[in-house]
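Visitor: My file is upload_29.pdb. It has PDB, C-alpha atoms and all ligand atoms:
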ATOM      1  CA  MET A   1      14.067  18.557  -5.000
ATOM      2  CA  VAL A   2      12.692  15.015  -5.069
ATOM      3  CA  GLU A   3       9.179  16.189  -5.971
ATOM      4  CA  ALA A   4      10.516  18.367  -8.809
ATOM      5  CA  GLN A   5      12.144  15.290 -10.349
ATOM      6  CA  GLU A   6       8.941  13.277 -10.054
ATOM      7  CA  ASN A   7       6.639  15.921 -11.552
ATOM      8  CA  ASN A   8       7.667  15.912 -15.170
ATOM      9  CA  PRO A   9       6.445  19.314 -16.423
ATOM     10  CA  VAL A  10       6.807  18.304 -20.092
ATOM     11  CA  ILE A  11       3.905  15.821 -19.990
ATOM     12  CA  PRO A  12       0.480  17.372 -19.337
ATOM     13  CA  ARG A  13      -1.665  15.562 -16.788
ATOM     14  CA  THR A  14      -4.264  14.521 -19.335
ATOM     15  CA  GLN A  15      -1.613  12.692 -21.417
ATOM     16  CA  ARG A  16      -0.109  10.714 -18.574
ATOM     17  CA  LYS A  17      -0.745   6.986 -18.310
ATOM     18  CA  GLN A  18      -2.912   6.271 -15.269
ATOM     19  CA  VAL A  19      -2.202   3.467 -12.803
ATOM     20  CA  ASN A  20      -4.884   2.446 -10.304
ATOM     21  CA  ILE A  21      -3.314   1.300  -7.048
ATOM     22  CA  LEU A  22      -5.293  -0.302  -4.213
ATOM     23  CA  ILE A  23      -4.069  -0.551  -0.606
ATOM     24  CA  ILE A  24      -5.767  -3.195   1.557
ATOM     25  CA  GLY A  25      -5.067  -5.034   4.815
ATOM     26  CA  ASP A  26      -6.264  -5.222   8.423
ATOM     27  CA  HIS A  27      -7.365  -2.186  10.430
ATOM     28  CA  LEU A  28      -4.375  -0.259  11.900
ATOM     29  CA  VAL A  29      -1.586  -2.046  10.025
ATOM     30  CA  GLY A  30      -0.453   1.358   8.731
ATOM     31  CA  LYS A  31      -1.911   1.586   5.208
ATOM     32  CA  SER A  32      -2.693   5.317   5.359
ATOM     33  CA  SER A  33       0.647   6.034   7.051
ATOM     34  CA  LEU A  34       2.399   4.257   4.200
ATOM     35  CA  VAL A  35       0.490   6.262   1.560
ATOM     36  CA  ASN A  36       1.224   9.478   3.456
ATOM     37  CA  ALA A  37       4.951   8.648   3.658
ATOM     38  CA  PHE A  38       5.055   8.262  -0.136
ATOM     39  CA  CYS A  39       2.665  11.039  -1.245
ATOM     40  CA  LYS A  40       3.240  13.705   1.429
ATOM     41  CA  PRO A  41       6.618  12.933   3.038
ATOM     42  CA  ARG A  42       6.738  16.336   4.788
ATOM     43  CA  ASN A  43       3.339  15.876   6.446
ATOM     44  CA  LYS A  44       3.907  14.725  10.023
ATOM     45  CA  ASP A  45       0.295  15.259  11.198
ATOM     46  CA  PRO A  46      -1.268  12.263  12.976
ATOM     47  CA  ILE A  47      -3.060   9.908  10.581
ATOM     48  CA  GLU A  48      -6.746   9.337  11.285
ATOM     49  CA  ASN A  49      -8.551   6.023  10.827
ATOM     50  CA  THR A  50      -9.820   5.745   7.261
ATOM     51  CA  ILE A  51     -13.576   5.950   6.839
ATOM     52  CA  GLY A  52     -14.466   3.811   3.824
ATOM     53  CA  ILE A  53     -11.852   4.898   1.275
ATOM     54  CA  ASP A  54      -9.268   7.678   0.996
ATOM     55  CA  TYR A  55      -7.967   8.787  -2.387
ATOM     56  CA  GLN A  56      -4.594  10.301  -3.305
ATOM     57  CA  LEU A  57      -3.428  11.483  -6.719
ATOM     58  CA  LYS A  58       0.317  11.355  -7.270
ATOM     59  CA  GLU A  59       2.253  12.399 -10.338
ATOM     60  CA  TYR A  60       5.197  10.095 -10.705
ATOM     61  CA  ARG A  61       7.538  10.327 -13.704
ATOM     62  CA  ASN A  62       5.307   9.877 -16.787
ATOM     63  CA  LEU A  63       2.487   8.361 -14.717
ATOM     64  CA  LEU A  64      -0.568   9.526 -12.850
ATOM     65  CA  LEU A  65      -1.078   7.294  -9.824
ATOM     66  CA  ASN A  66      -4.616   6.930  -8.468
ATOM     67  CA  ILE A  67      -4.112   5.542  -4.977
ATOM     68  CA  TYR A  68      -7.177   4.040  -3.254
ATOM     69  CA  ASP A  69      -6.450   3.577   0.455
ATOM     70  CA  CYS A  70      -9.124   1.323   1.984
ATOM     71  CA  SER A  71     -10.271   1.092   5.571
ATOM     72  CA  GLY A  72      -9.494  -2.310   7.094
ATOM     73  CA  CYS A  73     -12.731  -2.311   9.129
ATOM     74  CA  PRO A  74     -15.265  -5.037   8.227
ATOM     75  CA  GLU A  75     -18.189  -2.586   8.087
ATOM     76  CA  TYR A  76     -16.693  -0.930   4.975
ATOM     77  CA  LYS A  77     -16.431  -4.160   2.939
ATOM     78  CA  SER A  78     -19.072  -3.156   0.376
ATOM     79  CA  ILE A  79     -17.539   0.313  -0.136
ATOM     80  CA  ARG A  80     -14.073  -1.239  -0.551
ATOM     81  CA  GLU A  81     -15.295  -3.836  -3.021
ATOM     82  CA  SER A  82     -16.812  -1.203  -5.279
ATOM     83  CA  PHE A  83     -13.220  -0.060  -6.003
ATOM     84  CA  TYR A  84     -11.810  -3.544  -6.745
ATOM     85  CA  VAL A  85     -12.956  -3.788 -10.367
ATOM     86  CA  ASP A  86     -10.443  -1.653 -12.299
ATOM     87  CA  ILE A  87      -7.200  -2.005 -10.321
ATOM     88  CA  ASP A  88      -3.718  -2.423 -11.840
ATOM     89  CA  LEU A  89      -1.698  -2.994  -8.675
ATOM     90  CA  VAL A  90      -2.630  -4.116  -5.141
ATOM     91  CA  LEU A  91      -0.568  -3.643  -2.000
ATOM     92  CA  VAL A  92      -1.715  -6.050   0.718
ATOM     93  CA  VAL A  93      -0.269  -4.650   3.935
ATOM     94  CA  PHE A  94       0.260  -6.415   7.254
ATOM     95  CA  ASP A  95       1.919  -5.363  10.528
ATOM     96  CA  VAL A  96       5.070  -7.390  11.344
ATOM     97  CA  THR A  97       4.229  -7.087  15.082
ATOM     98  CA  ASN A  98       0.752  -8.609  14.561
ATOM     99  CA  ILE A  99       0.625 -12.258  13.486
ATOM    100  CA  VAL A 100      -3.139 -12.169  12.856
ATOM    101  CA  SER A 101      -2.704  -9.366  10.334
ATOM    102  CA  PHE A 102      -0.175 -11.590   8.509
ATOM    103  CA  GLU A 103      -2.536 -14.591   8.581
ATOM    104  CA  ASN A 104      -5.348 -12.382   7.264
ATOM    105  CA  THR A 105      -3.307 -11.473   4.184
ATOM    106  CA  GLN A 106      -4.768 -14.525   2.414
ATOM    107  CA  MET A 107      -8.309 -13.376   3.270
ATOM    108  CA  TRP A 108      -7.596  -9.921   1.796
ATOM    109  CA  ILE A 109      -6.245 -11.424  -1.419
ATOM    110  CA  GLU A 110      -9.357 -13.610  -1.724
ATOM    111  CA  GLU A 111     -11.705 -10.679  -1.052
ATOM    112  CA  PHE A 112      -9.996  -8.734  -3.836
ATOM    113  CA  CYS A 113      -9.764 -11.589  -6.366
ATOM    114  CA  LYS A 114     -13.488 -12.432  -6.025
ATOM    115  CA  VAL A 115     -14.396  -8.983  -7.365
ATOM    116  CA  SER A 116     -11.449  -7.951  -9.555
ATOM    117  CA  GLN A 117     -12.062  -8.149 -13.304
ATOM    118  CA  LYS A 118      -8.601  -7.179 -14.536
ATOM    119  CA  GLN A 119      -5.193  -8.827 -14.713
ATOM    120  CA  CYS A 120      -3.299  -7.146 -11.933
ATOM    121  CA  GLU A 121      -0.196  -7.502  -9.796
ATOM    122  CA  ILE A 122      -0.512  -8.244  -6.073
ATOM    123  CA  VAL A 123       2.363  -7.282  -3.777
ATOM    124  CA  VAL A 124       2.602  -8.054  -0.044
ATOM    125  CA  VAL A 125       4.014  -5.430   2.341
ATOM    126  CA  GLY A 126       5.211  -5.983   5.928
ATOM    127  CA  ASN A 127       4.978  -2.633   7.767
ATOM    128  CA  LYS A 128       6.250  -1.389  11.180
ATOM    129  CA  THR A 129       9.736  -2.889  10.811
ATOM    130  CA  ASP A 130      10.959  -0.133  13.170
ATOM    131  CA  CYS A 131       9.320  -2.100  16.039
ATOM    132  CA  ILE A 132      12.247  -4.494  16.237
ATOM    133  CA  GLY A 133      11.629  -5.896  19.744
ATOM    134  CA  LYS A 134       7.905  -6.459  19.108
ATOM    135  CA  ARG A 135       8.278  -8.318  15.861
ATOM    136  CA  LYS A 136       6.122 -11.484  15.516
ATOM    137  CA  VAL A 137       6.523 -12.238  11.799
ATOM    138  CA  THR A 138      10.050 -12.772  10.525
ATOM    139  CA  GLU A 139      11.224 -11.610   7.118
ATOM    140  CA  THR A 140      12.078 -15.210   6.218
ATOM    141  CA  GLU A 141       8.582 -16.439   7.125
ATOM    142  CA  ALA A 142       6.945 -13.718   5.016
ATOM    143  CA  CYS A 143       9.364 -14.305   2.107
ATOM    144  CA  ILE A 144       8.652 -18.053   2.064
ATOM    145  CA  TRP A 145       4.879 -17.536   2.087
ATOM    146  CA  THR A 146       4.901 -14.882  -0.647
ATOM    147  CA  ALA A 147       7.336 -16.897  -2.791
ATOM    148  CA  MET A 148       4.920 -19.857  -2.585
ATOM    149  CA  LYS A 149       2.191 -17.543  -3.879
ATOM    150  CA  ASP A 150       4.519 -16.134  -6.550
ATOM    151  CA  MET A 151       4.184 -12.608  -5.167
ATOM    152  CA  GLU A 152       6.762  -9.959  -4.367
ATOM    153  CA  TYR A 153       7.363  -9.068  -0.715
ATOM    154  CA  TYR A 154       8.612  -5.733   0.665
ATOM    155  CA  GLU A 155       9.452  -4.683   4.222
ATOM    156  CA  VAL A 156       8.897  -1.033   5.204
ATOM    157  CA  SER A 157       8.388   1.327   8.094
ATOM    158  CA  ALA A 158       5.854   4.060   7.337
ATOM    159  CA  VAL A 159       6.836   5.945  10.506
ATOM    160  CA  SER A 160      10.550   6.118   9.711
ATOM    161  CA  SER A 161       9.928   6.028   5.915
ATOM    162  CA  ILE A 162      12.475   3.218   5.560
ATOM    163  CA  GLY A 163      11.882   1.206   2.399
ATOM    164  CA  ILE A 164       8.878   3.257   1.239
ATOM    165  CA  ARG A 165      10.385   5.036  -1.769
ATOM    166  CA  ASN A 166      12.366   1.976  -2.856
ATOM    167  CA  MET A 167       9.236  -0.148  -2.726
ATOM    168  CA  PHE A 168       7.058   2.240  -4.740
ATOM    169  CA  GLU A 169       9.852   2.851  -7.257
ATOM    170  CA  SER A 170      10.378  -0.887  -7.796
ATOM    171  CA  ILE A 171       6.727  -1.769  -8.219
ATOM    172  CA  ILE A 172       5.765   1.251 -10.320
ATOM    173  CA  GLU A 173       8.800   0.936 -12.603
ATOM    174  CA  LYS A 174       7.002  -1.762 -14.618
ATOM    175  CA  PHE A 175       4.227   0.701 -15.523
ATOM    176  CA  ALA A 176       6.537   3.606 -16.377
ATOM    177  CA  GLY A 177       8.181   1.871 -19.368
TER     178      GLY A 177
HETATM  179  N1  LIG A 201       5.723   2.018  14.915
HETATM  180  C1  LIG A 201       5.040   2.190  13.785
HETATM  181  N2  LIG A 201       3.760   2.588  13.838
HETATM  182  C2  LIG A 201       3.095   2.755  12.676
HETATM  183  C3  LIG A 201       3.697   2.527  11.422
HETATM  184  N3  LIG A 201       2.783   2.764  10.459
HETATM  185  C4  LIG A 201       1.661   3.142  11.086
HETATM  186  N4  LIG A 201       1.840   3.131  12.420
HETATM  187  C5  LIG A 201       0.855   3.477  13.442
HETATM  188  O1  LIG A 201      -0.221   2.551  13.334
HETATM  189  C6  LIG A 201      -1.472   3.214  13.604
HETATM  190  C7  LIG A 201      -2.441   2.967  12.471
HETATM  191  O2  LIG A 201      -1.967   3.600  11.300
HETATM  192  P1  LIG A 201      -2.918   3.883  10.043
HETATM  193  O3  LIG A 201      -2.012   4.340   8.955
HETATM  194  O4  LIG A 201      -4.045   4.740  10.421
HETATM  195  O5  LIG A 201      -3.480   2.419   9.763
HETATM  196  P2  LIG A 201      -4.519   1.948   8.644
HETATM  197  O6  LIG A 201      -4.070   0.607   8.210
HETATM  198  O7  LIG A 201      -4.635   2.992   7.602
HETATM  199  O8  LIG A 201      -5.872   1.820   9.467
HETATM  200  P3  LIG A 201      -7.407   1.840   8.904
HETATM  201  O9  LIG A 201      -7.527   2.985   7.954
HETATM  202  O10 LIG A 201      -8.249   2.047  10.098
HETATM  203  O11 LIG A 201      -7.649   0.513   8.265
HETATM  204  C8  LIG A 201      -1.132   4.691  13.825
HETATM  205  O12 LIG A 201      -1.036   4.928  15.215
HETATM  206  C9  LIG A 201       0.219   4.856  13.177
HETATM  207  O13 LIG A 201       1.015   5.868  13.742
HETATM  208  C10 LIG A 201       5.078   2.119  11.392
HETATM  209  O14 LIG A 201       5.708   1.906  10.362
HETATM  210  N5  LIG A 201       5.677   1.957  12.612
HETATM  211 MG    MG A 202      -6.217   4.122   6.923
END
Any chance you could put this one into structure tokens?
Guide:
Amino acid sequence: MVEAQENNPVIPRTQRKQVNILIIGDHLVGKSSLVNAFCKPRNKDPIENTIGIDYQLKEYRNLLLNIYDCSGCPEYKSIRESFYVDIDLVLVVFDVTNIVSFENTQMWIEEFCKVSQKQCEIVVVGNKTDCIGKRKVTETEACIWTAMKDMEYYEVSAVSSIGIRNMFESIIEKFAG
């Protein structure tokens, strides 16, 4: 039902506006789980560590979303960077139970901005909000930091899918116009 609404049969694929979306952040923060929860919500198979880059194509309203899901491992830096040039929207993901992954958000933004050649929106995402007792980064802390940087902040749980659709709908809305 939901997918039928998203896949607008009237607009052929070749005529859809394309949006290039990049997902970056530390190893194991849940980037691929987040992409899976949005693109393949019925797929409950375990998610494997990303090797280099994974790619997903998603038809969404009048748009064609190219989603580049990067590995967070340092050894794939040069592969990741080769995808940074033509990006419209970046999701920098951290794990709310891992303070280092939050601190590294700045490093990820810098890595991207050094290479990017296009005006693009950067959004910060706190994942694993289902882990309530293990939380190390508060929503307030993350909101204050992102507000200082003039960036939007979203909280999600890829495992329970909470916040995932709302987040993608809000950030992609600007491109659908
Ligand atoms: N509790 C909980 N676990 C999660 C969540 N999202 C991902 N995980 C778990 O975190 C681990 C890493 O998830 P991945 O999606 O592979 O992480 P990644 O950021 O893509 O990792 P790399 O590709 O290696 O950079 C897996 O065991 C997931 O099940 C979440 O929202 N809540
Ligand atoms: Mg991954």
Visitor: At a cut-off of 9 Å, can you tabulate as JSON lines every residue of segment 29-83 of chain A near segment 122-138 of chain A together with its closest atom pair and the distance in Å to one decimal, using only C-alpha atoms and ordering rows by chain then number?
Guide:
{"residue": "A:Val29", "atom": "CA", "partner": "A:Asn127", "partner_atom": "CA", "distance": 7.0}
{"residue": "A:Gly30", "atom": "CA", "partner": "A:Asn127", "partner_atom": "CA", "distance": 6.8}
{"residue": "A:Lys31", "atom": "CA", "partner": "A:Asn127", "partner_atom": "CA", "distance": 8.5}
{"residue": "A:Leu34", "atom": "CA", "partner": "A:Asn127", "partner_atom": "CA", "distance": 8.2}
Visitor: Once you count all atoms listed in the file, which residues end up within 7 Å of ligand MG 202 (chain A), and could you hand them over as a ChimeraX atom specification?
Guide: /A:28,30-32,48-50,69-71
Visitor: Kindly give the distance, in Å, that separates atom O10 of ligand LIG 201 (chain A) and atom CA of Asp26 of chain A, rounded to a single decimal.
Guide: 7.7 Å
Visitor: Apply the PyMOL selection byres (((chain A and resi 81) around 10) and not hetatm) to the file shown and report the selected residues as a list in words.
Guide: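 Against this file, the PyMOL selection byres (((chain A and resi 81) around 10) and not hetatm) returns the residues Cys70, Tyr76, Lys77, Ser78, Ile79, Arg80, Ser82, Phe83, Tyr84, Val85, Glu111, Phe112, Lys114, Val115 and Ser116 of chain A.
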Visitor: Residues within 12 Å of (-6.1, -15.8, -4.4), file coordinates, counting only C-alpha atoms: what are they? Give the list as a list in words.
Guide: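 Nearby residues: Val92, Thr105, Gln106, Met107, Trp108, Ile109, Glu110, Glu111, Phe112, Cys113, Lys114, Val115, Ser116, Cys120, Glu121, Ile122, Thr146, Met148, Lys149, Asp150 and Met151 of chain A.
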Visitor: Taking (-1.6, 12.9, -10.3) in the file's coordinates, which residues come within 12 Å, counting only C-alpha atoms, written as a list of chain:residue names?
Guide: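 Returned residue set, sorted by chain then number, is A:Glu6, A:Asn7, A:Asn8, A:Pro9, A:Ile11, A:Pro12, A:Arg13, A:Thr14, A:Gln15, A:Arg16, A:Lys17, A:Gln18, A:Val19, A:Asn20, A:Cys39, A:Tyr55, A:Gln56, A:Leu57, A:Lys58, A:Glu59, A:Tyr60, A:Arg61, A:Asn62, A:Leu63, A:Leu64, A:Leu65, A:Asn66, A:Ile67.
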Visitor: Name the closest residue to ligand LIG 201 (chain A) among the candidates A:Ala147, A:Val100, A:Glu155, A:Glu139; distances are taken between atoms, counting all atoms listed in the file.
Guide: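 Of A:Ala147, A:Val100, A:Glu155, A:Glu139, the one nearest ligand LIG 201 (chain A) is A:Glu155, counting all atoms listed in the file.
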Visitor: Report the centre and edge lengths, in Å to one decimal, of an axis-aligned box enclosing every atom of ligand LIG 201 (chain A) listed in the file, padded by 5 Å on each side, as lines of an AutoDock Vina configuration file.
Guide:
center_x = -1.3
center_y = 3.2
center_z = 11.4
size_x = 24.0
size_y = 15.4
size_z = 17.6
Visitor: Quick one, how far is atom CA of Glu75 of chain A from atom N4 of ligand LIG 201 (chain A)?
Guide: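 Atom N4 of ligand LIG 201 (chain A) lies at a distance of 21.3 Å from atom CA of Glu75 of chain A.
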Visitor: In Å, rounded to a single decimal, give me how far atom CA of Leu22 of chain A is from atom C9 of ligand LIG 201 (chain A).
Guide: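 Pair atom C9 of ligand LIG 201 (chain A) / atom CA of Leu22 of chain A returns 19.0 Å.
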Visitor: Ranking A:Gly163, A:Pro46, A:Gly177, A:Gly25 by minimum distance to Pro74 of chain A and counting only C-alpha atoms, which one comes first?
Guide: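 Nearest candidate to Pro74 of chain A out of A:Gly163, A:Pro46, A:Gly177, A:Gly25: A:Gly25.
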Visitor: List the spatial neighbours of Lys118 of chain A as number ranges by chain - criterion: any atom at most 9 Å away, only C-alpha atoms, same-chain residues fewer than 4 positions off excluded.
Guide: A: 85-88
Visitor: Which residue out of A:Thr140, A:Ser101, A:Ser33, A:Asn166 has the minimum interatomic distance to ligand LIG 201 (chain A) when all atoms listed in the file are used?
Guide: A:Ser33
Visitor: Ranking A:Val159, A:Met167, A:Asn98, A:Leu89 by minimum distance to Pro41 of chain A and counting all atoms listed in the file, which one comes first?
Guide: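 Under the stated criterion, the closest residue is A:Val159.
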Visitor: Which of these, A:Ile23, A:Ile144, A:Leu91, A:Ile47, has the shortest distance to ligand LIG 201 (chain A) once you count only C-alpha atoms and all ligand atoms?
Guide: A:Ile47
Visitor: Kindly indicate which residue among A:Ile24, A:Asn36, A:Ala176, A:Arg165 lies nearest to Phe94 of chain A, using all atoms listed in the file for the distances.
Guide: A:Ile24
